[in-house]
file input_6.cif (mmCIF, C-alpha atoms)
data_my_file
#
loop_
_atom_site.group_PDB
_atom_site.id
_atom_site.type_symbol
_atom_site.label_atom_id
_atom_site.label_comp_id
_atom_site.auth_asym_id
_atom_site.auth_seq_id
_atom_site.Cartn_x
_atom_site.Cartn_y
_atom_site.Cartn_z
ATOM 1 C CA MET A 7 -257.771 60.903 13.375
ATOM 2 C CA ALA A 8 -255.228 63.489 14.427
ATOM 3 C CA ALA A 9 -251.550 63.645 13.480
ATOM 4 C CA ASP A 10 -250.536 62.625 17.001
ATOM 5 C CA GLU A 11 -252.351 59.297 16.480
ATOM 6 C CA LEU A 12 -250.244 58.318 13.455
ATOM 7 C CA LYS A 13 -247.944 55.346 13.961
ATOM 8 C CA SER A 14 -244.952 53.882 12.171
ATOM 9 C CA GLY A 15 -246.009 52.150 8.980
ATOM 10 C CA ASP A 16 -249.049 54.352 8.310
ATOM 11 C CA LYS A 17 -249.191 55.575 4.721
ATOM 12 C CA VAL A 18 -250.106 59.250 4.284
ATOM 13 C CA GLU A 19 -250.669 61.762 1.518
ATOM 14 C CA LEU A 20 -248.832 65.060 1.867
ATOM 15 C CA SER A 21 -250.080 68.468 0.805
ATOM 16 C CA ASP A 22 -247.698 68.509 -2.198
ATOM 17 C CA GLY A 23 -249.231 65.272 -3.546
ATOM 18 C CA ALA A 24 -246.446 63.009 -2.298
ATOM 19 C CA THR A 25 -247.152 59.632 -0.732
ATOM 20 C CA ALA A 26 -245.126 58.800 2.369
ATOM 21 C CA GLU A 27 -244.776 56.214 5.128
ATOM 22 C CA VAL A 28 -244.679 57.394 8.730
ATOM 23 C CA THR A 29 -241.440 56.273 10.407
ATOM 24 C CA GLY A 30 -241.993 57.554 13.937
ATOM 25 C CA PRO A 31 -244.244 59.507 16.292
ATOM 26 C CA LEU A 32 -245.187 63.188 16.162
ATOM 27 C CA THR A 33 -242.459 65.208 17.913
ATOM 28 C CA ASN A 34 -242.430 68.986 18.283
ATOM 29 C CA GLY A 35 -245.195 69.339 15.675
ATOM 30 C CA GLU A 36 -243.354 67.284 13.044
ATOM 31 C CA VAL A 37 -243.823 63.746 11.785
ATOM 32 C CA PRO A 38 -240.868 61.735 10.408
ATOM 33 C CA VAL A 39 -241.681 60.137 7.048
ATOM 34 C CA ARG A 40 -240.075 58.234 4.171
ATOM 35 C CA ILE A 41 -241.190 59.313 0.703
ATOM 36 C CA ILE A 42 -242.783 56.543 -1.379
ATOM 37 C CA ASP A 43 -243.724 58.643 -4.415
ATOM 38 C CA SER A 44 -243.527 62.352 -5.144
ATOM 39 C CA PRO A 45 -244.917 63.117 -8.609
ATOM 40 C CA PHE A 46 -245.103 66.893 -8.098
ATOM 41 C CA GLY A 47 -242.453 67.577 -5.457
ATOM 42 C CA PRO A 48 -238.679 67.635 -5.391
ATOM 43 C CA ASP A 49 -238.251 64.591 -3.119
ATOM 44 C CA SER A 50 -237.222 61.256 -4.575
ATOM 45 C CA PRO A 51 -238.504 57.899 -3.312
ATOM 46 C CA GLY A 52 -236.650 56.799 -0.186
ATOM 47 C CA THR A 53 -235.980 60.329 1.049
ATOM 48 C CA GLU A 54 -236.496 60.589 4.804
ATOM 49 C CA LYS A 55 -237.561 63.894 6.292
ATOM 50 C CA ASN A 56 -239.695 65.519 8.961
ATOM 51 C CA VAL A 57 -242.902 67.199 7.821
ATOM 52 C CA ASP A 58 -245.067 69.632 9.716
ATOM 53 C CA LYS A 59 -248.240 67.940 10.922
ATOM 54 C CA ASP A 60 -250.252 70.460 8.881
ATOM 55 C CA GLU A 61 -248.598 69.163 5.672
ATOM 56 C CA ILE A 62 -250.296 65.774 6.100
ATOM 57 C CA TYR A 63 -253.445 65.811 3.989
ATOM 58 C CA GLY A 64 -254.773 62.365 4.786
ATOM 59 C CA LEU A 65 -254.263 58.766 5.822
ATOM 60 C CA PHE A 66 -254.617 55.896 3.354
ATOM 61 C CA ILE A 67 -257.209 53.523 4.780
ATOM 62 C CA ASP A 68 -256.705 50.602 2.405
ATOM 63 C CA ASP A 69 -253.711 48.466 1.443
ATOM 64 C CA ALA A 70 -253.981 49.462 -2.227
ATOM 65 C CA MET A 71 -253.573 53.126 -1.178
ATOM 66 C CA THR A 72 -256.615 54.267 -3.159
ATOM 67 C CA GLU A 73 -258.806 55.650 -0.356
ATOM 68 C CA VAL A 74 -257.707 58.583 1.797
ATOM 69 C CA ARG A 75 -259.288 59.756 5.021
ATOM 70 C CA ALA A 76 -258.654 63.415 5.828
ATOM 71 C CA ILE A 77 -256.636 64.222 8.923
#
call {"tool": "encode", "arguments": {"input": "input_6.cif", "output": "structure tokens"}}
result
Amino acid sequence: MAADELKSGDKVELSDGATAEVTGPLTNGEVPVRIIDSPFGPDSPGTEKNVDKDEIYGLFIDDAMTEVRAI
């Protein structure tokens, strides 16, 4: 899967270890997300921001968010 195939509601893992929910489509190389958890980064849960598509490490493929498929 490529970043341009992500859709709202997808849960992703970011390169800084944060977990986020996609809130919109890829636009100008960035994906809008809402932070769910950020154990190593400065963002707090609920923070909304745009991340570069290259910062998305993987897509969670299960509801429990335990398995990640690389993007």
call {"tool": "resolve_selection", "arguments": {"input": "input_6.cif", "expression": "the PyMOL selection byres ((chain A and resi 27) around 7)", "output": "VMD selection string"}}
result
chain A and resid 15 to 18 26 28 to 29 39 to 42
call {"tool": "atom_distance", "arguments": {"input": "input_6.cif", "atom1": "CA of Glu11 in chain A", "atom2": "CA of Ser50 in chain A"}}
result
26.0 Å
call {"tool": "residues_near_point", "arguments": {"input": "input_6.cif", "point": "(-243.6, 60.2, 16.0)", "cutoff": "10 Å", "atoms": "all atoms listed in the file", "output": "list of chain:residue names"}}
result
A:Ala9, A:Asp10, A:Glu11, A:Leu12, A:Lys13, A:Ser14, A:Val28, A:Thr29, A:Gly30, A:Pro31, A:Leu32, A:Thr33, A:Asn34, A:Gly35, A:Glu36, A:Val37, A:Pro38, A:Val39, A:Asn56
call {"tool": "resolve_selection", "arguments": {"input": "input_6.cif", "expression": "the PyMOL selection byres ((chain A and resi 24) around 12)", "output": "PyMOL selection string"}}
result
chain A and resi 17-23+25-27+39-53+57+61-64
call {"tool": "closest_residue", "arguments": {"input": "input_6.cif", "among": "A:Asp60, A:Ile77, A:Ala70, A:Lys55", "to": "Ala8 in chain A", "atoms": "all atoms listed in the file"}}
result
A:Ile77
call {"tool": "axis_aligned_box", "arguments": {"input": "input_6.cif", "around": "range 22-36 of chain A", "padding_each_side": "5 Å", "output": "JSON"}}
result
{"center_x": -245.3, "center_y": 62.8, "center_z": 7.4, "size_x": 17.8, "size_y": 23.1, "size_z": 31.8}
